[in-house]
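Structure file entry.txt (compact mmCIF, C-alpha atoms) is printed below.
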```txt
# COMPACT_ATOMS: atom_id res chain seq x y z
CA MET Q 7 64.03 138.79 115.27
CA LEU Q 8 63.15 141.91 117.20
CA SER Q 9 65.32 144.39 115.40
CA GLU Q 10 65.69 144.79 111.68
CA PRO Q 11 68.08 142.05 110.51
CA ARG Q 12 71.23 143.28 108.85
CA SER Q 13 70.44 141.09 105.86
CA GLY Q 14 67.13 142.95 105.55
CA ARG Q 15 68.84 146.33 105.44
CA LEU Q 16 71.40 145.13 102.91
CA ALA Q 17 68.79 143.57 100.64
CA ALA Q 18 66.25 146.39 100.87
CA TRP Q 19 68.64 149.28 100.30
CA GLY Q 20 70.75 147.26 97.88
CA ASN Q 21 67.61 146.66 95.80
CA ALA Q 22 66.79 150.37 95.89
CA LEU Q 23 70.30 151.18 94.70
CA LEU Q 24 70.20 148.58 91.93
CA ALA Q 25 66.90 150.08 90.77
CA GLY Q 26 68.41 153.57 90.68
CA LEU Q 27 66.12 154.90 93.42
CA VAL Q 28 68.82 155.94 95.90
CA SER Q 29 72.45 157.04 95.71
CA PRO Q 30 75.31 154.70 96.64
CA ASP Q 31 76.18 156.83 99.67
CA ASP Q 32 72.60 156.90 100.94
CA ALA Q 33 72.28 153.13 100.49
CA ALA Q 34 75.51 152.44 102.34
CA LEU Q 35 74.53 154.76 105.20
CA ALA Q 36 71.15 153.04 105.60
CA ILE Q 37 72.70 149.56 105.50
CA VAL Q 38 75.28 150.37 108.18
CA GLY Q 39 72.61 151.85 110.44
CA GLU Q 40 73.91 152.05 113.99
CA ASP Q 41 76.90 149.79 113.35
CA ALA Q 42 80.41 151.23 113.19
CA VAL Q 43 81.37 149.90 109.77
CA HIS Q 44 80.48 147.25 107.18
CA ARG Q 45 82.95 145.64 104.82
CA VAL Q 46 82.64 142.95 102.17
CA GLU Q 47 85.20 140.16 101.86
CA GLY Q 48 85.65 137.61 99.10
CA LEU Q 49 84.43 139.64 96.14
CA PRO Q 50 85.82 138.34 92.83
CA GLY Q 51 88.76 140.50 91.83
CA GLU Q 52 89.37 141.88 95.32
CA SER Q 53 92.15 140.52 97.54
CA ALA Q 54 91.02 142.39 100.66
CA PRO Q 55 87.76 143.54 102.23
CA VAL Q 56 86.15 146.56 100.56
CA GLY Q 57 83.51 149.09 101.54
CA LEU Q 58 79.80 148.73 100.82
CA THR Q 59 79.69 151.31 98.04
CA LEU Q 60 82.41 149.59 96.03
CA ALA Q 61 81.00 146.14 96.81
CA LEU Q 62 77.48 146.95 95.63
CA GLY Q 63 78.85 148.45 92.44
CA ARG Q 64 81.02 145.40 91.84
CA LEU Q 65 78.09 143.04 92.39
CA ARG Q 66 76.13 144.94 89.76
CA THR Q 67 78.94 144.57 87.23
CA LEU Q 68 79.00 140.83 88.03
CA GLY Q 69 75.37 140.58 86.93
CA VAL Q 70 73.47 140.99 90.19
CA THR Q 71 70.08 142.62 89.59
CA GLY Q 72 68.43 141.97 92.95
CA LEU Q 73 68.99 140.78 96.50
CA ARG Q 74 66.96 138.31 98.56
CA VAL Q 75 66.97 137.64 102.31
CA ALA Q 76 67.29 134.28 104.09
CA LEU Q 77 66.48 133.89 107.81
CA PRO Q 78 67.18 130.22 108.52
CA ALA Q 79 66.76 128.42 111.83
CA PRO Q 80 67.54 124.84 112.88
CA GLY Q 81 65.31 122.55 110.84
CA HIS Q 82 64.03 125.43 108.72
CA PRO Q 83 66.33 126.58 105.85
CA LEU Q 84 64.12 129.60 105.14
CA GLY Q 85 65.22 131.42 101.99
CA LEU Q 86 68.23 129.21 101.29
CA SER Q 87 68.97 127.30 98.11
CA GLY Q 88 72.34 125.64 98.83
CA PRO Q 89 74.98 124.44 98.58
CA PRO Q 90 75.36 122.85 102.05
CA GLU Q 91 78.49 124.86 102.85
CA PHE Q 92 76.71 128.15 102.33
CA ASN Q 93 73.60 126.96 104.16
CA ALA Q 94 75.72 126.00 107.17
CA ARG Q 95 77.35 129.44 107.34
CA ALA Q 96 73.97 131.15 106.96
CA LEU Q 97 72.41 128.97 109.66
CA GLU Q 98 75.24 129.83 112.05
CA SER Q 99 74.62 133.55 111.47
CA GLU Q 100 70.82 133.07 111.32
CA GLU Q 101 70.68 135.26 108.23
CA ALA Q 102 72.12 135.78 104.76
CA VAL Q 103 71.61 137.67 101.51
CA ILE Q 104 71.22 135.78 98.22
CA CYS Q 105 72.03 137.53 94.96
CA PHE Q 106 69.60 137.37 92.03
CA GLY Q 107 71.24 137.34 88.60
CA ALA Q 108 74.57 135.89 89.75
CA ALA Q 109 75.38 132.89 91.94
CA PHE Q 110 76.65 134.69 95.04
CA GLY Q 111 75.52 134.93 98.62
CA LEU Q 112 76.64 137.11 101.53
CA VAL Q 113 76.79 136.02 105.17
CA PRO Q 114 77.50 138.55 107.94
CA GLU Q 115 80.12 138.09 110.63
CA VAL Q 116 79.65 140.54 113.50
CA HIS Q 117 82.38 141.68 115.88
CA GLU Q 118 81.33 143.70 118.92
CA ALA Q 119 83.57 145.66 121.27
CA GLY Q 120 83.21 148.25 124.01
CA PRO Q 121 81.62 148.53 127.46
CA ALA Q 122 77.95 147.87 128.15
CA GLY Q 123 75.85 150.70 126.80
CA ASP Q 124 78.53 151.74 124.33
CA VAL Q 125 79.06 148.64 122.19
CA HIS Q 126 80.33 149.15 118.67
CA ALA Q 127 79.63 146.54 116.00
CA GLU Q 128 81.79 145.93 112.96
CA VAL Q 129 80.35 143.69 110.25
CA VAL Q 130 82.17 141.71 107.59
CA TRP Q 131 80.01 140.26 104.81
CA HIS Q 132 81.56 137.09 103.38
CA VAL Q 133 80.81 136.49 99.68
CA LEU Q 134 80.36 132.80 98.90
CA PRO Q 135 79.04 130.77 95.95
CA VAL Q 136 75.39 129.72 96.05
CA ARG Q 137 73.21 127.38 94.05
CA GLU Q 138 70.86 129.05 91.59
CA ALA Q 139 67.55 127.54 92.66
CA PRO Q 140 64.23 128.72 94.15
CA PRO Q 141 64.62 129.79 97.81
CA ALA Q 142 63.20 127.42 100.42
CA ASP Q 143 59.75 127.99 101.97
CA VAL Q 144 59.25 131.67 101.05
CA PRO Q 145 55.55 132.62 100.79
CA SER Q 146 53.98 135.33 98.67
CA LEU Q 147 53.06 138.60 100.37
CA GLY Q 148 49.40 137.64 100.31
CA GLU Q 149 50.08 134.26 101.88
CA ALA Q 150 52.34 135.81 104.51
CA GLU Q 151 49.75 138.41 105.49
CA ARG Q 152 47.00 135.82 105.90
CA GLU Q 153 49.27 133.47 107.87
CA LEU Q 154 50.37 136.27 110.20
CA ALA Q 155 46.83 137.36 111.02
CA GLU Q 156 45.76 133.80 111.79
CA ALA Q 157 48.90 132.97 113.79
CA LEU Q 158 48.56 136.13 115.87
CA ARG Q 159 44.95 135.34 116.75
CA GLU Q 160 45.70 131.75 117.69
CA ALA Q 161 48.79 132.56 119.75
CA THR Q 162 47.10 135.40 121.62
CA GLU Q 163 44.19 133.13 122.56
CA VAL Q 164 46.47 130.35 123.81
CA LEU Q 165 48.81 132.67 125.72
CA SER Q 166 45.90 134.49 127.34
CA LYS Q 167 44.35 131.21 128.50
CA LEU Q 168 47.67 130.23 130.05
CA ASP Q 169 48.00 133.65 131.73
CA VAL Q 170 51.38 134.13 130.12
CA ALA Q 171 53.14 137.45 130.57
CA GLY Q 172 53.50 139.04 127.16
CA SER Q 173 49.87 138.81 126.04
CA GLY Q 174 48.35 141.80 127.88
CA PRO Q 175 48.66 145.61 128.18
CA VAL Q 176 52.29 145.49 129.32
CA ALA Q 177 53.18 143.68 126.12
CA GLU Q 178 51.13 146.12 124.05
CA ALA Q 179 53.03 149.04 125.60
CA ALA Q 180 56.36 147.35 124.87
CA ILE Q 181 55.32 146.66 121.29
CA ASP Q 182 54.25 150.28 120.75
CA ALA Q 183 57.50 151.58 122.25
CA TYR Q 184 59.55 149.23 120.09
CA ARG Q 185 57.67 150.20 116.96
CA ALA Q 186 58.23 153.89 117.68
CA ARG Q 187 61.97 153.33 118.16
CA ALA Q 188 62.23 151.17 115.06
CA GLU Q 189 60.46 153.61 112.78
CA ARG Q 190 61.69 156.91 114.22
CA GLY Q 191 63.47 158.90 111.54
CA ARG Q 192 63.63 156.19 108.88
CA GLU Q 193 61.50 154.21 106.49
CA VAL Q 194 60.36 150.70 107.35
CA LEU Q 195 61.58 149.57 103.92
CA ALA Q 196 63.66 151.23 101.23
CA PRO Q 197 62.13 153.11 98.28
CA GLY Q 198 60.61 150.88 95.61
CA TYR Q 199 58.81 148.45 97.89
CA PRO Q 200 55.01 148.09 97.59
CA PRO Q 201 52.79 149.28 100.47
CA ARG Q 202 51.72 145.71 101.13
CA ALA Q 203 55.33 144.72 101.84
CA VAL Q 204 55.60 147.53 104.39
CA ARG Q 205 52.37 146.40 106.03
CA VAL Q 206 53.47 142.76 106.18
CA LEU Q 207 56.87 143.65 107.61
CA LYS Q 208 55.34 145.83 110.34
CA LEU Q 209 52.99 143.04 111.38
CA ALA Q 210 55.78 140.45 111.27
CA ARG Q 211 57.90 142.55 113.63
CA ARG Q 212 54.95 143.00 115.96
CA VAL Q 213 54.34 139.25 116.06
CA ALA Q 214 58.04 138.54 116.59
CA LEU Q 215 58.13 140.92 119.54
CA LEU Q 216 55.07 139.27 121.09
CA VAL Q 217 56.80 135.89 120.84
CA SER Q 218 59.99 137.28 122.38
CA LEU Q 219 58.08 138.86 125.27
CA ALA Q 220 56.32 135.59 125.97
CA TYR Q 221 59.58 133.65 125.91
CA GLY Q 222 61.44 136.28 127.91
CA ASN Q 223 59.08 136.39 130.88
CA GLY Q 224 60.09 133.09 132.40
CA HIS Q 225 57.20 130.75 132.88
CA GLY Q 226 54.62 133.52 133.36
CA GLY Q 227 51.46 132.10 134.86
CA ALA Q 228 52.08 128.64 133.42
CA VAL Q 229 53.03 126.52 136.40
CA SER Q 230 52.67 122.96 135.16
CA SER Q 231 54.89 121.19 132.69
CA SER Q 232 51.90 120.58 130.43
CA GLU Q 233 51.06 124.31 130.41
CA MET Q 234 54.66 125.23 129.63
CA ALA Q 235 54.71 122.68 126.83
CA ALA Q 236 51.45 124.12 125.49
CA ARG Q 237 52.92 127.61 125.44
CA ALA Q 238 56.04 126.46 123.61
CA GLU Q 239 53.87 124.59 121.14
CA ALA Q 240 51.84 127.75 120.53
CA LEU Q 241 54.88 129.99 120.08
CA ARG Q 242 56.94 127.79 117.77
CA PRO Q 243 54.77 128.04 114.66
CA VAL Q 244 54.08 131.74 115.30
CA GLU Q 245 57.79 132.54 115.37
CA ARG Q 246 58.25 130.54 112.17
CA THR Q 247 55.39 132.42 110.51
CA ALA Q 248 56.87 135.78 111.50
CA ARG Q 249 60.23 134.89 109.99
CA ARG Q 250 58.58 133.68 106.76
CA ALA Q 251 56.66 136.95 106.53
CA GLN Q 252 59.78 139.05 107.04
CA VAL Q 253 61.52 137.21 104.22
CA ALA Q 254 58.48 137.59 101.96
CA ALA Q 255 58.44 141.35 102.58
CA TYR Q 256 62.15 141.88 101.93
CA ASN Q 257 62.09 139.65 98.84
CA SER Q 258 58.91 141.06 97.32
CA VAL Q 259 60.65 143.40 94.87
CA VAL Q 260 62.75 140.60 93.39
CA GLU Q 261 59.82 138.17 93.36
CA GLU Q 262 57.65 140.67 91.45
CA ARG Q 263 60.43 141.28 88.94
CA GLU Q 264 60.95 137.56 88.46
CA ARG Q 265 57.23 136.94 87.90
CA GLY Q 266 57.09 139.76 85.37
CA ALA Q 267 59.94 138.24 83.39
CA ARG Q 268 58.16 134.89 82.97
```
Using structure tokens, write down the structure from this file.
Amino acid sequence: MLSEPRSGRLAAWGNALLAGLVSPDDAALAIVGEDAVHRVEGLPGESAPVGLTLALGRLRTLGVTGLRVALPAPGHPLGLSGPPEFNARALESEEAVICFGAAFGLVPEVHEAGPAGDVHAEVVWHVLPVREAPPADVPSLGEAERELAEALREATEVLSKLDVAGSGPVAEAAIDAYRARAERGREVLAPGYPPRAVRVLKLARRVALLVSLAYGNGHGGAVSSSEMAARAEALRPVERTARRAQVAAYNSVVEERERGAR
């Protein structure tokens, strides 16, 4: 994902709120970001969608003490724990938030309207039951950082050999511009996250953008079917590694708390 996933904002700022590090209004404002509005549907005891502030408070009273992120893709249920119905909804949205401390999950449904250049997004988070089990395929921060560094080296070497657009100075300029936009005026993660999580998330976004640039520039200099297949083969595991690292960064606060409780 190039931009910060909505599930990442909800989990990060929700965790900061649950830890008492930010106010409910500040958390809700950060979660909404540039969207028009976020609402939460399906909360126990609520017959209609409610706002984020009320929803986060209600989740806390239901026993939620932390929030995890899932970024699944076909064949890779990253961060999910079931049941199949929830996994299917999360896979369709390509993201979800899993509650820690109570068996709930939230899946976003996005509605966009307006002309090009002035699109407004409204988000409804659907609360659904989840299975209380370890999330699938989520690495530690240390593992994620090592995997990212290795994947970035390998992919850059392969893409450069194939003369693929997206591996040279044009890509570097695009990455720097994206990073400046993404970080301008706001924190990379919410208060309470360790510096290593911030570092891992920054690198994961950089790697994800490199993959997107390589995919988005047609066939680049790769003219044969074997070269195109080689590029796809190089990009696939890198994209997977970047998603795993993003999830590890967003989930690090909950993972540390869970390890400390053992």
Neighbouring residues of Ala203 of chain Q were defined as those with any atom within 8 Å, considering only C-alpha atoms; residues of the same chain fewer than 4 positions away were excluded. Please report them as a list in words.
Leu147, Tyr199, Leu207, Ala254, Ala255, Tyr256 and Ser258 of chain Q
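Straight-line separation from atom CA of Arg12 of chain Q to atom CA of Ala102 of chain Q: 8.6 Å.
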Work out how far atom CA of Arg15 of chain Q is from atom CA of Val38 of chain Q, in Å to one decimal.
8.1 Å
Which polymer residues have any atom within 10 Å of an atom of Ala96 of chain Q, counting all atoms listed in the file, with same-chain residues fewer than 5 positions away left out, as a ChimeraX atom specification?
/Q:76-79,83,86,88,90-91,101-103,111-115
Name the closest residue to His126 of chain Q among the candidates Q:Glu40, Q:Asp143, Q:Glu262, Q:Glu239; distances are taken between atoms, counting all atoms listed in the file.
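Residue with the minimum atom-to-atom distance to His126 of chain Q: Q:Glu40.
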Separation of atom CA of Val253 of chain Q from atom CA of Pro80 of chain Q in Å:
16.3 Å
Excluding Val133 of chain Q and its own-chain neighbours fewer than 4 positions away, which residues fall within 12 Å of it when counting all atoms listed in the file? Please give them as a PyMOL selection string.
chain Q and resi 45-52+54-56+61-62+64-65+92+95-96+102-105+108-115
Pick from Q:Ala196, Q:Ala127, Q:Ala214, Q:Val136, whichever lies nearest to Leu27 of chain Q using all atoms listed in the file:
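So, comparing all the options, the nearest one is Q:Ala196.
Residue neighbourhood of segment 157-162 of chain Q, excluding near-sequence residues (fewer than 5 positions): Arg152, Lys167, Ser173, Val213, Leu216, Val217, Arg237, Ala240, Leu241, Pro243, Val244, Thr247 and Ala248 of chain Q, at 9 Å, using all atoms listed in the file.
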Which residue of Q:Val70, Q:Ala235, Q:Leu60, Q:Leu134 approaches Asn93 of chain Q most closely, using only C-alpha atoms
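Among Q:Val70, Q:Ala235, Q:Leu60, Q:Leu134, it is Q:Leu134 that comes nearest to Asn93 of chain Q.
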At a cut-off of 12 Å from (80.5, 152.4, 109.3) in the coordinates of the file, what residues are picked up using all atoms listed in the file, written as a list of chain:residue names?
Q:Asp31, Q:Ala34, Q:Leu35, Q:Ala36, Q:Ile37, Q:Val38, Q:Gly39, Q:Glu40, Q:Asp41, Q:Ala42, Q:Val43, Q:His44, Q:Arg45, Q:Val56, Q:Gly57, Q:Leu58, Q:Thr59, Q:His126, Q:Ala127, Q:Glu128, Q:Val129, Q:Val130
May I have the selected residues written with C-alpha atoms, as a short mmCIF file (atom, residue, chain, number, x, y, z; two decimals), keeping the file's coordinate frame?
```
data_model
loop_
_atom_site.label_atom_id
_atom_site.label_comp_id
_atom_site.auth_asym_id
_atom_site.auth_seq_id
_atom_site.Cartn_x
_atom_site.Cartn_y
_atom_site.Cartn_z
CA ASP Q 31 76.18 156.83 99.67
CA ALA Q 34 75.51 152.44 102.34
CA LEU Q 35 74.53 154.76 105.20
CA ALA Q 36 71.15 153.04 105.60
CA ILE Q 37 72.70 149.56 105.50
CA VAL Q 38 75.28 150.37 108.18
CA GLY Q 39 72.61 151.85 110.44
CA GLU Q 40 73.91 152.05 113.99
CA ASP Q 41 76.90 149.79 113.35
CA ALA Q 42 80.41 151.23 113.19
CA VAL Q 43 81.37 149.90 109.77
CA HIS Q 44 80.48 147.25 107.18
CA ARG Q 45 82.95 145.64 104.82
CA VAL Q 56 86.15 146.56 100.56
CA GLY Q 57 83.51 149.09 101.54
CA LEU Q 58 79.80 148.73 100.82
CA THR Q 59 79.69 151.31 98.04
CA HIS Q 126 80.33 149.15 118.67
CA ALA Q 127 79.63 146.54 116.00
CA GLU Q 128 81.79 145.93 112.96
CA VAL Q 129 80.35 143.69 110.25
CA VAL Q 130 82.17 141.71 107.59
#
```
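If all atoms listed in the file are the atoms counted, then among Q:Leu97, Q:Val125, Q:Val204, Q:Ala119 the closest residue to Val259 of chain Q is Q:Val204.
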With only C-alpha atoms as the atoms that count, which of Q:Pro197, Q:Arg205, Q:Arg249, Q:Glu98 lies nearest to Ser29 of chain Q?
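Among Q:Pro197, Q:Arg205, Q:Arg249, Q:Glu98, it is Q:Pro197 that comes nearest to Ser29 of chain Q.
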Residue contacts of Ala210 of chain Q (7 Å, only C-alpha atoms) excluding same-chain residues fewer than 5 positions away, as a list of chain:residue names:
Q:Leu154, Q:Ala248, Q:Ala251, Q:Gln252
Produce a file of the selected residues containing C-alpha atoms, as a PDB file, in the coordinates of the input.
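Writing done, so here's out_24.pdb:
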```
ATOM      1  CA  LEU Q 154      50.370 136.270 110.200  1.00  0.00           C
ATOM      2  CA  ALA Q 248      56.870 135.780 111.500  1.00  0.00           C
ATOM      3  CA  ALA Q 251      56.660 136.950 106.530  1.00  0.00           C
ATOM      4  CA  GLN Q 252      59.780 139.050 107.040  1.00  0.00           C
TER       5      GLN Q 252
END
```
Please, could all heavy atoms be added to segment 121-132 of chain Q and the result written as a PDB file, in the frame of the given file?
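Saved file out_22.pdb follows:
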```pdb
ATOM      1  N   PRO Q 121      82.340 148.803 126.201  1.00  0.00           N
ATOM      2  CA  PRO Q 121      81.620 148.530 127.460  1.00  0.00           C
ATOM      3  C   PRO Q 121      80.120 148.491 127.249  1.00  0.00           C
ATOM      4  O   PRO Q 121      79.603 148.962 126.224  1.00  0.00           O
ATOM      5  CB  PRO Q 121      82.025 149.727 128.341  1.00  0.00           C
ATOM      6  CG  PRO Q 121      82.295 150.833 127.351  1.00  0.00           C
ATOM      7  CD  PRO Q 121      82.903 150.165 126.157  1.00  0.00           C
ATOM      8  N   ALA Q 122      79.410 147.942 128.218  1.00  0.00           N
ATOM      9  CA  ALA Q 122      77.950 147.870 128.150  1.00  0.00           C
ATOM     10  C   ALA Q 122      77.370 149.268 127.994  1.00  0.00           C
ATOM     11  O   ALA Q 122      77.770 150.211 128.677  1.00  0.00           O
ATOM     12  CB  ALA Q 122      77.398 147.211 129.420  1.00  0.00           C
ATOM     13  N   GLY Q 123      76.448 149.407 127.067  1.00  0.00           N
ATOM     14  CA  GLY Q 123      75.850 150.700 126.800  1.00  0.00           C
ATOM     15  C   GLY Q 123      76.582 151.494 125.746  1.00  0.00           C
ATOM     16  O   GLY Q 123      76.075 152.519 125.271  1.00  0.00           O
ATOM     17  N   ASP Q 124      77.749 151.044 125.365  1.00  0.00           N
ATOM     18  CA  ASP Q 124      78.530 151.740 124.330  1.00  0.00           C
ATOM     19  C   ASP Q 124      79.248 150.711 123.454  1.00  0.00           C
ATOM     20  O   ASP Q 124      80.441 150.805 123.210  1.00  0.00           O
ATOM     21  CB  ASP Q 124      79.539 152.697 124.975  1.00  0.00           C
ATOM     22  CG  ASP Q 124      80.197 153.617 123.949  1.00  0.00           C
ATOM     23  OD1 ASP Q 124      79.558 153.892 122.917  1.00  0.00           O
ATOM     24  OD2 ASP Q 124      81.347 154.037 124.182  1.00  0.00           O
ATOM     25  N   VAL Q 125      78.494 149.713 123.009  1.00  0.00           N
ATOM     26  CA  VAL Q 125      79.060 148.640 122.190  1.00  0.00           C
ATOM     27  C   VAL Q 125      79.061 149.051 120.734  1.00  0.00           C
ATOM     28  O   VAL Q 125      78.074 149.569 120.204  1.00  0.00           O
ATOM     29  CB  VAL Q 125      78.240 147.336 122.369  1.00  0.00           C
ATOM     30  CG1 VAL Q 125      78.777 146.250 121.455  1.00  0.00           C
ATOM     31  CG2 VAL Q 125      78.293 146.878 123.819  1.00  0.00           C
ATOM     32  N   HIS Q 126      80.191 148.834 120.085  1.00  0.00           N
ATOM     33  CA  HIS Q 126      80.330 149.150 118.670  1.00  0.00           C
ATOM     34  C   HIS Q 126      80.432 147.843 117.880  1.00  0.00           C
ATOM     35  O   HIS Q 126      81.194 146.949 118.247  1.00  0.00           O
ATOM     36  CB  HIS Q 126      81.579 150.004 118.420  1.00  0.00           C
ATOM     37  CG  HIS Q 126      81.557 151.316 119.140  1.00  0.00           C
ATOM     38  ND1 HIS Q 126      80.860 152.404 118.669  1.00  0.00           N
ATOM     39  CD2 HIS Q 126      82.126 151.699 120.308  1.00  0.00           C
ATOM     40  CE1 HIS Q 126      81.004 153.414 119.518  1.00  0.00           C
ATOM     41  NE2 HIS Q 126      81.776 153.016 120.521  1.00  0.00           N
ATOM     42  N   ALA Q 127      79.644 147.748 116.817  1.00  0.00           N
ATOM     43  CA  ALA Q 127      79.630 146.540 116.000  1.00  0.00           C
ATOM     44  C   ALA Q 127      80.285 146.800 114.658  1.00  0.00           C
ATOM     45  O   ALA Q 127      79.980 147.794 113.982  1.00  0.00           O
ATOM     46  CB  ALA Q 127      78.203 146.052 115.796  1.00  0.00           C
ATOM     47  N   GLU Q 128      81.191 145.913 114.291  1.00  0.00           N
ATOM     48  CA  GLU Q 128      81.790 145.930 112.960  1.00  0.00           C
ATOM     49  C   GLU Q 128      81.356 144.656 112.240  1.00  0.00           C
ATOM     50  O   GLU Q 128      81.387 143.566 112.811  1.00  0.00           O
ATOM     51  CB  GLU Q 128      83.319 145.994 113.053  1.00  0.00           C
ATOM     52  CG  GLU Q 128      83.834 147.275 113.710  1.00  0.00           C
ATOM     53  CD  GLU Q 128      85.354 147.373 113.664  1.00  0.00           C
ATOM     54  OE1 GLU Q 128      85.988 146.446 113.114  1.00  0.00           O
ATOM     55  OE2 GLU Q 128      85.890 148.368 114.173  1.00  0.00           O
ATOM     56  N   VAL Q 129      80.924 144.802 111.002  1.00  0.00           N
ATOM     57  CA  VAL Q 129      80.350 143.690 110.250  1.00  0.00           C
ATOM     58  C   VAL Q 129      81.179 143.418 109.004  1.00  0.00           C
ATOM     59  O   VAL Q 129      81.510 144.343 108.260  1.00  0.00           O
ATOM     60  CB  VAL Q 129      78.892 143.986 109.845  1.00  0.00           C
ATOM     61  CG1 VAL Q 129      78.281 142.805 109.077  1.00  0.00           C
ATOM     62  CG2 VAL Q 129      78.051 144.308 111.077  1.00  0.00           C
ATOM     63  N   VAL Q 130      81.512 142.153 108.819  1.00  0.00           N
ATOM     64  CA  VAL Q 130      82.170 141.710 107.590  1.00  0.00           C
ATOM     65  C   VAL Q 130      81.212 140.769 106.869  1.00  0.00           C
ATOM     66  O   VAL Q 130      80.772 139.755 107.431  1.00  0.00           O
ATOM     67  CB  VAL Q 130      83.502 140.985 107.877  1.00  0.00           C
ATOM     68  CG1 VAL Q 130      84.097 140.458 106.565  1.00  0.00           C
ATOM     69  CG2 VAL Q 130      84.476 141.911 108.578  1.00  0.00           C
ATOM     70  N   TRP Q 131      80.854 141.111 105.645  1.00  0.00           N
ATOM     71  CA  TRP Q 131      80.010 140.260 104.810  1.00  0.00           C
ATOM     72  C   TRP Q 131      80.914 139.354 103.963  1.00  0.00           C
ATOM     73  O   TRP Q 131      81.727 139.839 103.188  1.00  0.00           O
ATOM     74  CB  TRP Q 131      79.125 141.103 103.897  1.00  0.00           C
ATOM     75  CG  TRP Q 131      78.087 141.898 104.620  1.00  0.00           C
ATOM     76  CD1 TRP Q 131      78.215 143.174 105.092  1.00  0.00           C
ATOM     77  CD2 TRP Q 131      76.773 141.460 104.951  1.00  0.00           C
ATOM     78  NE1 TRP Q 131      77.053 143.574 105.704  1.00  0.00           N
ATOM     79  CE2 TRP Q 131      76.141 142.540 105.631  1.00  0.00           C
ATOM     80  CE3 TRP Q 131      76.053 140.284 104.754  1.00  0.00           C
ATOM     81  CZ2 TRP Q 131      74.837 142.458 106.098  1.00  0.00           C
ATOM     82  CZ3 TRP Q 131      74.757 140.204 105.219  1.00  0.00           C
ATOM     83  CH2 TRP Q 131      74.161 141.278 105.875  1.00  0.00           C
ATOM     84  N   HIS Q 132      80.754 138.043 104.130  1.00  0.00           N
ATOM     85  CA  HIS Q 132      81.560 137.090 103.380  1.00  0.00           C
ATOM     86  C   HIS Q 132      80.801 136.660 102.123  1.00  0.00           C
ATOM     87  O   HIS Q 132      79.670 136.164 102.209  1.00  0.00           O
ATOM     88  CB  HIS Q 132      81.888 135.867 104.237  1.00  0.00           C
ATOM     89  CG  HIS Q 132      82.721 136.184 105.440  1.00  0.00           C
ATOM     90  ND1 HIS Q 132      84.096 136.286 105.383  1.00  0.00           N
ATOM     91  CD2 HIS Q 132      82.376 136.450 106.736  1.00  0.00           C
ATOM     92  CE1 HIS Q 132      84.572 136.584 106.580  1.00  0.00           C
ATOM     93  NE2 HIS Q 132      83.542 136.692 107.413  1.00  0.00           N
TER      94      HIS Q 132
END
```
